[in-house]
file structure.cif (mmCIF, C-alpha atoms, pLDDT in the B column; chains and numbers go by the auth columns)
data_entry
#
loop_
_atom_site.group_PDB
_atom_site.id
_atom_site.type_symbol
_atom_site.label_atom_id
_atom_site.label_comp_id
_atom_site.label_asym_id
_atom_site.label_seq_id
_atom_site.Cartn_x
_atom_site.Cartn_y
_atom_site.Cartn_z
_atom_site.B_iso_or_equiv
_atom_site.auth_seq_id
_atom_site.auth_asym_id
ATOM 1 C CA MET A 1 43.871 26.464 9.869 44.00 1 A
ATOM 2 C CA GLU A 2 42.167 24.536 7.099 51.00 2 A
ATOM 3 C CA SER A 3 44.474 23.133 4.422 50.00 3 A
ATOM 4 C CA TYR A 4 43.507 22.609 0.799 54.00 4 A
ATOM 5 C CA ARG A 5 44.434 19.903 -1.676 58.00 5 A
ATOM 6 C CA ALA A 6 46.163 21.036 -4.831 66.00 6 A
ATOM 7 C CA SER A 7 47.093 19.441 -8.115 87.00 7 A
ATOM 8 C CA ASN A 8 50.513 18.709 -9.516 92.00 8 A
ATOM 9 C CA VAL A 9 51.997 20.066 -12.742 95.00 9 A
ATOM 10 C CA GLU A 10 54.585 18.273 -14.859 96.00 10 A
ATOM 11 C CA VAL A 11 55.916 19.599 -18.178 96.00 11 A
ATOM 12 C CA GLN A 12 58.579 18.124 -20.446 97.00 12 A
ATOM 13 C CA ILE A 13 61.095 20.720 -21.617 97.00 13 A
ATOM 14 C CA GLY A 14 64.067 20.735 -23.946 96.00 14 A
ATOM 15 C CA LEU A 15 66.987 22.686 -22.512 96.00 15 A
ATOM 16 C CA ARG A 16 70.299 23.575 -24.038 94.00 16 A
ATOM 17 C CA LEU A 17 73.415 23.039 -21.932 93.00 17 A
ATOM 18 C CA ILE A 18 75.718 25.878 -22.928 92.00 18 A
ATOM 19 C CA ALA A 19 79.169 24.358 -23.114 83.00 19 A
ATOM 20 C CA PRO A 20 82.204 26.623 -22.618 80.00 20 A
ATOM 21 C CA GLU A 21 83.748 25.145 -25.750 81.00 21 A
ATOM 22 C CA GLY A 22 81.880 23.657 -28.648 78.00 22 A
ATOM 23 C CA LYS A 23 78.224 23.325 -29.485 87.00 23 A
ATOM 24 C CA PRO A 24 75.402 23.554 -26.962 89.00 24 A
ATOM 25 C CA VAL A 25 74.035 20.143 -25.961 91.00 25 A
ATOM 26 C CA HIS A 26 70.330 19.291 -25.944 92.00 26 A
ATOM 27 C CA VAL A 27 69.088 18.113 -22.537 93.00 27 A
ATOM 28 C CA CYS A 28 65.670 16.570 -21.839 95.00 28 A
ATOM 29 C CA ALA A 29 64.194 17.691 -18.551 97.00 29 A
ATOM 30 C CA THR A 30 60.920 17.839 -16.677 97.00 30 A
ATOM 31 C CA LEU A 31 59.589 20.834 -14.778 98.00 31 A
ATOM 32 C CA ARG A 32 57.594 19.645 -11.744 97.00 32 A
ATOM 33 C CA TYR A 33 55.355 21.417 -9.290 96.00 33 A
ATOM 34 C CA ALA A 34 53.510 19.728 -6.444 92.00 34 A
ATOM 35 C CA GLY A 35 50.682 21.549 -4.711 88.00 35 A
ATOM 36 C CA SER A 36 51.674 19.752 -1.517 86.00 36 A
ATOM 37 C CA ASP A 37 55.035 21.583 -1.704 89.00 37 A
ATOM 38 C CA PRO A 38 53.645 24.932 -2.887 92.00 38 A
ATOM 39 C CA TYR A 39 56.743 27.107 -2.593 93.00 39 A
ATOM 40 C CA ALA A 40 59.071 24.911 -4.680 94.00 40 A
ATOM 41 C CA VAL A 41 59.596 23.943 -8.295 97.00 41 A
ATOM 42 C CA HIS A 42 61.776 21.071 -9.426 97.00 42 A
ATOM 43 C CA VAL A 43 63.838 20.575 -12.581 97.00 43 A
ATOM 44 C CA VAL A 44 64.546 16.914 -13.293 96.00 44 A
ATOM 45 C CA PHE A 45 67.300 16.304 -15.850 94.00 45 A
ATOM 46 C CA HIS A 46 67.069 13.011 -17.749 91.00 46 A
ATOM 47 C CA ILE A 47 70.505 11.643 -18.530 82.00 47 A
ATOM 48 C CA GLU A 48 70.754 8.791 -21.031 73.00 48 A
ATOM 49 C CA ARG A 49 73.393 6.258 -20.026 63.00 49 A
ATOM 50 C CA SER A 50 73.511 4.518 -23.447 54.00 50 A
ATOM 51 C CA GLY A 51 72.618 5.433 -27.004 51.00 51 A
ATOM 52 C CA THR A 52 69.501 3.258 -27.239 45.00 52 A
ATOM 53 C CA ASN A 53 66.851 5.700 -26.027 43.00 53 A
ATOM 54 C CA SER A 54 64.777 7.151 -28.877 43.00 54 A
ATOM 55 C CA GLN A 55 64.058 10.383 -27.000 42.00 55 A
ATOM 56 C CA PRO A 56 66.679 13.108 -27.248 41.00 56 A
ATOM 57 C CA SER A 57 68.715 13.426 -24.096 45.00 57 A
ATOM 58 C CA VAL A 58 72.288 14.020 -23.085 44.00 58 A
ATOM 59 C CA PRO A 59 74.651 11.213 -24.101 40.00 59 A
ATOM 60 C CA ILE A 60 76.793 10.024 -21.186 35.00 60 A
ATOM 61 C CA SER A 61 79.971 11.363 -22.794 35.00 61 A
ATOM 62 C CA GLU A 62 78.549 14.914 -22.638 39.00 62 A
ATOM 63 C CA THR A 63 77.097 14.907 -19.125 39.00 63 A
ATOM 64 C CA ALA A 64 80.190 15.879 -17.206 40.00 64 A
ATOM 65 C CA ALA A 65 78.939 19.387 -16.416 40.00 65 A
ATOM 66 C CA VAL A 66 75.582 18.115 -15.199 42.00 66 A
ATOM 67 C CA ASN A 67 76.937 15.069 -13.348 39.00 67 A
ATOM 68 C CA SER A 68 79.686 17.035 -11.661 36.00 68 A
ATOM 69 C CA ILE A 69 77.268 19.298 -9.833 37.00 69 A
ATOM 70 C CA VAL A 70 74.927 16.689 -8.383 35.00 70 A
ATOM 71 C CA GLN A 71 74.860 13.067 -7.394 31.00 71 A
ATOM 72 C CA VAL A 72 73.388 10.857 -10.111 30.00 72 A
ATOM 73 C CA THR A 73 70.686 8.446 -8.938 30.00 73 A
ATOM 74 C CA PRO A 74 69.740 5.731 -11.452 31.00 74 A
ATOM 75 C CA THR A 75 66.055 5.071 -11.992 32.00 75 A
ATOM 76 C CA SER A 76 64.420 1.920 -13.293 30.00 76 A
ATOM 77 C CA SER A 77 65.290 1.284 -16.929 30.00 77 A
ATOM 78 C CA THR A 78 62.955 0.079 -19.630 31.00 78 A
ATOM 79 C CA SER A 79 65.388 -2.496 -20.972 34.00 79 A
ATOM 80 C CA THR A 80 68.691 -4.055 -20.071 31.00 80 A
ATOM 81 C CA GLN A 81 70.376 -2.067 -22.851 40.00 81 A
ATOM 82 C CA GLU A 82 69.577 1.377 -21.507 48.00 82 A
ATOM 83 C CA LEU A 83 69.822 3.104 -18.148 49.00 83 A
ATOM 84 C CA GLU A 84 68.566 6.574 -17.438 66.00 84 A
ATOM 85 C CA SER A 85 69.662 8.684 -14.520 86.00 85 A
ATOM 86 C CA GLU A 86 67.719 11.564 -13.105 90.00 86 A
ATOM 87 C CA ILE A 87 69.228 14.636 -11.549 89.00 87 A
ATOM 88 C CA MET A 88 66.832 16.893 -9.656 94.00 88 A
ATOM 89 C CA TRP A 89 67.286 20.480 -8.546 95.00 89 A
ATOM 90 C CA SER A 90 64.672 22.171 -6.376 96.00 90 A
ATOM 91 C CA PHE A 91 64.292 25.884 -5.823 96.00 91 A
ATOM 92 C CA SER A 92 61.721 28.607 -5.192 96.00 92 A
ATOM 93 C CA ARG A 93 58.786 29.050 -7.576 96.00 93 A
ATOM 94 C CA GLU A 94 59.072 32.775 -6.889 97.00 94 A
ATOM 95 C CA LEU A 95 62.721 32.780 -8.045 97.00 95 A
ATOM 96 C CA LEU A 96 61.713 31.176 -11.361 98.00 96 A
ATOM 97 C CA THR A 97 58.821 33.627 -11.765 97.00 97 A
ATOM 98 C CA ASP A 98 61.001 36.664 -11.031 98.00 98 A
ATOM 99 C CA GLY A 99 63.676 35.334 -13.393 98.00 99 A
ATOM 100 C CA LEU A 100 61.301 35.753 -16.331 97.00 100 A
ATOM 101 C CA ARG A 101 61.480 39.549 -15.820 97.00 101 A
ATOM 102 C CA ILE A 102 64.741 40.348 -14.053 97.00 102 A
ATOM 103 C CA PRO A 103 67.949 38.574 -13.030 97.00 103 A
ATOM 104 C CA SER A 104 67.057 36.639 -9.871 97.00 104 A
ATOM 105 C CA GLY A 105 68.790 34.501 -7.318 96.00 105 A
ATOM 106 C CA TYR A 106 72.332 34.260 -6.128 89.00 106 A
ATOM 107 C CA GLY A 107 74.363 31.351 -4.936 88.00 107 A
ATOM 108 C CA ASP A 108 73.431 27.905 -6.246 95.00 108 A
ATOM 109 C CA VAL A 109 70.529 28.882 -8.540 97.00 109 A
ATOM 110 C CA ARG A 110 70.220 31.949 -10.747 97.00 110 A
ATOM 111 C CA VAL A 111 67.554 32.704 -13.379 98.00 111 A
ATOM 112 C CA TRP A 112 67.300 35.614 -15.830 97.00 112 A
ATOM 113 C CA PRO A 113 65.702 36.680 -19.128 96.00 113 A
ATOM 114 C CA TRP A 114 67.915 35.756 -22.079 92.00 114 A
ATOM 115 C CA ASN A 115 67.802 36.069 -25.862 87.00 115 A
ATOM 116 C CA GLY A 116 69.477 32.962 -27.233 73.00 116 A
ATOM 117 C CA GLN A 117 70.075 32.544 -30.973 74.00 117 A
ATOM 118 C CA GLY A 118 67.161 34.785 -31.881 78.00 118 A
ATOM 119 C CA ARG A 119 64.792 33.111 -29.409 84.00 119 A
ATOM 120 C CA THR A 120 63.345 34.513 -26.224 92.00 120 A
ATOM 121 C CA CYS A 121 64.679 32.267 -23.488 95.00 121 A
ATOM 122 C CA VAL A 122 65.394 32.019 -19.810 97.00 122 A
ATOM 123 C CA GLY A 123 68.921 31.493 -18.513 96.00 123 A
ATOM 124 C CA LEU A 124 69.295 28.980 -15.685 97.00 124 A
ATOM 125 C CA ALA A 125 72.634 28.699 -13.896 97.00 125 A
ATOM 126 C CA LEU A 126 73.192 25.926 -11.363 96.00 126 A
ATOM 127 C CA SER A 127 76.309 25.649 -9.249 94.00 127 A
ATOM 128 C CA SER A 128 77.630 23.499 -6.460 91.00 128 A
ATOM 129 C CA PRO A 129 81.046 22.953 -4.902 90.00 129 A
ATOM 130 C CA ASP A 130 81.643 20.320 -7.609 85.00 130 A
ATOM 131 C CA GLY A 131 80.844 22.387 -10.687 89.00 131 A
ATOM 132 C CA TYR A 132 78.694 24.765 -12.666 91.00 132 A
ATOM 133 C CA ALA A 133 76.162 24.371 -15.501 94.00 133 A
ATOM 134 C CA LEU A 134 74.451 26.982 -17.642 95.00 134 A
ATOM 135 C CA PHE A 135 71.166 26.126 -19.392 96.00 135 A
ATOM 136 C CA GLU A 136 68.939 27.923 -21.855 95.00 136 A
ATOM 137 C CA ALA A 137 65.196 27.226 -21.521 97.00 137 A
ATOM 138 C CA PRO A 138 62.388 28.283 -23.872 96.00 138 A
ATOM 139 C CA ARG A 139 60.589 31.142 -22.143 97.00 139 A
ATOM 140 C CA LEU A 140 57.130 30.190 -23.432 96.00 140 A
ATOM 141 C CA VAL A 141 57.340 26.695 -21.918 97.00 141 A
ATOM 142 C CA VAL A 142 58.495 28.095 -18.562 98.00 142 A
ATOM 143 C CA GLU A 143 55.692 30.696 -18.592 97.00 143 A
ATOM 144 C CA GLN A 144 53.064 28.053 -19.378 97.00 144 A
ATOM 145 C CA PHE A 145 54.413 25.807 -16.606 98.00 145 A
ATOM 146 C CA LEU A 146 54.283 28.650 -14.085 97.00 146 A
ATOM 147 C CA ASN A 147 50.787 29.686 -15.177 96.00 147 A
ATOM 148 C CA ARG A 148 49.598 26.122 -14.597 96.00 148 A
ATOM 149 C CA SER A 149 51.293 26.041 -11.179 95.00 149 A
ATOM 150 C CA TYR A 150 49.587 29.308 -10.189 93.00 150 A
ATOM 151 C CA SER A 151 46.261 27.845 -11.334 93.00 151 A
ATOM 152 C CA CYS A 152 46.825 25.032 -8.824 91.00 152 A
ATOM 153 C CA VAL A 153 48.071 27.236 -5.994 89.00 153 A
ATOM 154 C CA PRO A 154 47.641 30.994 -6.447 87.00 154 A
ATOM 155 C CA SER A 155 50.427 33.328 -5.376 86.00 155 A
ATOM 156 C CA GLY A 156 49.990 34.329 -1.737 77.00 156 A
ATOM 157 C CA MET A 157 47.860 31.248 -0.976 75.00 157 A
ATOM 158 C CA GLU A 158 50.730 28.756 -0.571 76.00 158 A
ATOM 159 C CA GLU A 159 50.411 28.611 3.209 76.00 159 A
ATOM 160 C CA GLN A 160 46.884 27.234 2.912 77.00 160 A
ATOM 161 C CA TYR A 161 48.180 24.249 0.922 77.00 161 A
ATOM 162 C CA LEU A 162 50.842 23.219 3.435 73.00 162 A
ATOM 163 C CA ASP A 163 50.134 20.240 5.655 73.00 163 A
ATOM 164 C CA VAL A 164 52.553 21.043 8.443 74.00 164 A
ATOM 165 C CA ASP A 165 51.286 18.290 10.780 78.00 165 A
ATOM 166 C CA SER A 166 51.867 15.541 8.232 74.00 166 A
ATOM 167 C CA SER A 167 55.262 16.935 7.266 71.00 167 A
ATOM 168 C CA LEU A 168 56.410 17.068 10.880 79.00 168 A
ATOM 169 C CA ALA A 169 55.068 13.565 11.532 82.00 169 A
ATOM 170 C CA LEU A 170 57.034 12.289 8.539 74.00 170 A
ATOM 171 C CA LEU A 171 60.230 14.003 9.706 81.00 171 A
ATOM 172 C CA LEU A 172 59.819 12.790 13.284 89.00 172 A
ATOM 173 C CA GLY A 173 58.716 9.285 12.325 85.00 173 A
ATOM 174 C CA THR A 174 55.498 9.571 14.320 82.00 174 A
ATOM 175 C CA PRO A 175 51.950 8.725 13.251 74.00 175 A
ATOM 176 C CA ASP A 176 50.206 11.518 11.364 61.00 176 A
ATOM 177 C CA ALA A 177 47.850 13.223 13.799 53.00 177 A
ATOM 178 C CA GLY A 178 45.754 14.578 10.930 52.00 178 A
ATOM 179 C CA ALA A 179 45.144 11.106 9.458 53.00 179 A
ATOM 180 C CA HIS A 180 42.702 10.031 12.195 48.00 180 A
#
call {"tool": "encode", "arguments": {"input": "structure.cif", "output": "structure tokens"}}
result
Amino acid sequence: MESYRASNVEVQIGLRLIAPEGKPVHVCATLRYAGSDPYAVHVVFHIERSGTNSQPSVPISETAAVNSIVQVTPTSSTSTQELESEIMWSFSRELLTDGLRIPSGYGDVRVWPWNGQGRTCVGLALSSPDGYALFEAPRLVVEQFLNRSYSCVPSGMEEQYLDVDSSLALLLGTPDAGAH
């Protein structure tokens, strides 16, 4: 079967972490889609580890809900005074698409339509054995992200964008047979 090359999509998004007590907290995140992994979408949360970053993100004192559900992996910082951590969750593109219309998913990731403070939003609930976090995402940004991802890899065509030989070679630590 012939495989096709696809583009990647990356969109910055402002989420609101809905805290059980107190005000919601603004969280900077990135929605990512890679045509080489056509069934998945990724949400990367950017966690500020000091107050020096000019972009809005979650201050370290308010990240307990996010940090408690995943392992934090520091990335390279732009100065010695700041350190940003990234937390990534991956799940089905179809789950995110369905969640725009109807409550979708069960278990670790759930998505559903939500009206938050007079805005049309999407609810995103993430859970793990270590904790739970509830986010509100602007529906329009999620729709635009998904539309761009479907422009890269149309629904029902995902299989044609998979490179199974290369993926297996990577997992098995063998030379890629398709690279010759």
call {"tool": "residues_around", "arguments": {"input": "structure.cif", "residues": "Gln144 of chain A", "least_positions_apart": "2", "cutoff": "12 Å", "atoms": "only C-alpha atoms", "output": "ChimeraX atom specification"}}
result
/A:9-13,31,97,100,138-142,146-151
call {"tool": "resolve_selection", "arguments": {"input": "structure.cif", "expression": "the PyMOL selection byres ((chain A and resi 34-44) around 7)", "output": "PDB file with C-alpha atoms, keeping the file's coordinate frame"}}
result
ATOM      1  CA  ALA A   6      46.163  21.036  -4.831  1.00 66.00           C
ATOM      2  CA  SER A   7      47.093  19.441  -8.115  1.00 87.00           C
ATOM      3  CA  ASN A   8      50.513  18.709  -9.516  1.00 92.00           C
ATOM      4  CA  VAL A   9      51.997  20.066 -12.742  1.00 95.00           C
ATOM      5  CA  ALA A  29      64.194  17.691 -18.551  1.00 97.00           C
ATOM      6  CA  THR A  30      60.920  17.839 -16.677  1.00 97.00           C
ATOM      7  CA  LEU A  31      59.589  20.834 -14.778  1.00 98.00           C
ATOM      8  CA  ARG A  32      57.594  19.645 -11.744  1.00 97.00           C
ATOM      9  CA  TYR A  33      55.355  21.417  -9.290  1.00 96.00           C
ATOM     10  CA  PHE A  45      67.300  16.304 -15.850  1.00 94.00           C
ATOM     11  CA  HIS A  46      67.069  13.011 -17.749  1.00 91.00           C
ATOM     12  CA  GLU A  86      67.719  11.564 -13.105  1.00 90.00           C
ATOM     13  CA  ILE A  87      69.228  14.636 -11.549  1.00 89.00           C
ATOM     14  CA  MET A  88      66.832  16.893  -9.656  1.00 94.00           C
ATOM     15  CA  TRP A  89      67.286  20.480  -8.546  1.00 95.00           C
ATOM     16  CA  SER A  90      64.672  22.171  -6.376  1.00 96.00           C
ATOM     17  CA  PHE A  91      64.292  25.884  -5.823  1.00 96.00           C
ATOM     18  CA  SER A  92      61.721  28.607  -5.192  1.00 96.00           C
ATOM     19  CA  ARG A  93      58.786  29.050  -7.576  1.00 96.00           C
ATOM     20  CA  CYS A 152      46.825  25.032  -8.824  1.00 91.00           C
ATOM     21  CA  VAL A 153      48.071  27.236  -5.994  1.00 89.00           C
ATOM     22  CA  GLU A 158      50.730  28.756  -0.571  1.00 76.00           C
ATOM     23  CA  TYR A 161      48.180  24.249   0.922  1.00 77.00           C
ATOM     24  CA  LEU A 162      50.842  23.219   3.435  1.00 73.00           C
TER      25      LEU A 162
END
call {"tool": "atom_distance", "arguments": {"input": "structure.cif", "atom1": "atom CA of Pro129 of chain A", "atom2": "atom CA of His26 of chain A"}}
result
23.9 Å
call {"tool": "closest_residue", "arguments": {"input": "structure.cif", "among": "A:Glu143, A:Ala137, A:Gly14, A:Ser166", "to": "Gln117 of chain A", "atoms": "all atoms listed in the file"}}
result
A:Ala137
call {"tool": "atom_distance", "arguments": {"input": "structure.cif", "atom1": "atom CA of Arg110 of chain A", "atom2": "atom CA of Ala125 of chain A"}}
result
5.1 Å
call {"tool": "closest_residue", "arguments": {"input": "structure.cif", "among": "A:Gly123, A:Ala169, A:Gly131, A:Ser85", "to": "Gly99 of chain A", "atoms": "all atoms listed in the file"}}
result
A:Gly123
call {"tool": "atom_distance", "arguments": {"input": "structure.cif", "atom1": "atom CA of Pro20 of chain A", "atom2": "atom CA of Leu134 of chain A"}}
result
9.2 Å
call {"tool": "resolve_selection", "arguments": {"input": "structure.cif", "expression": "the PyMOL selection byres ((chain A and resi 111) around 10)", "output": "list of chain:residue names"}}
result
A:Leu95, A:Leu96, A:Thr97, A:Asp98, A:Gly99, A:Leu100, A:Arg101, A:Ile102, A:Pro103, A:Ser104, A:Gly105, A:Tyr106, A:Val109, A:Arg110, A:Trp112, A:Pro113, A:Trp114, A:Val122, A:Gly123, A:Leu124, A:Ala125, A:Leu126, A:Leu134, A:Phe135, A:Glu136
call {"tool": "closest_residue", "arguments": {"input": "structure.cif", "among": "A:Ala133, A:Leu172, A:Met157, A:Val164", "to": "Pro24 of chain A", "atoms": "all atoms listed in the file"}}
result
A:Ala133
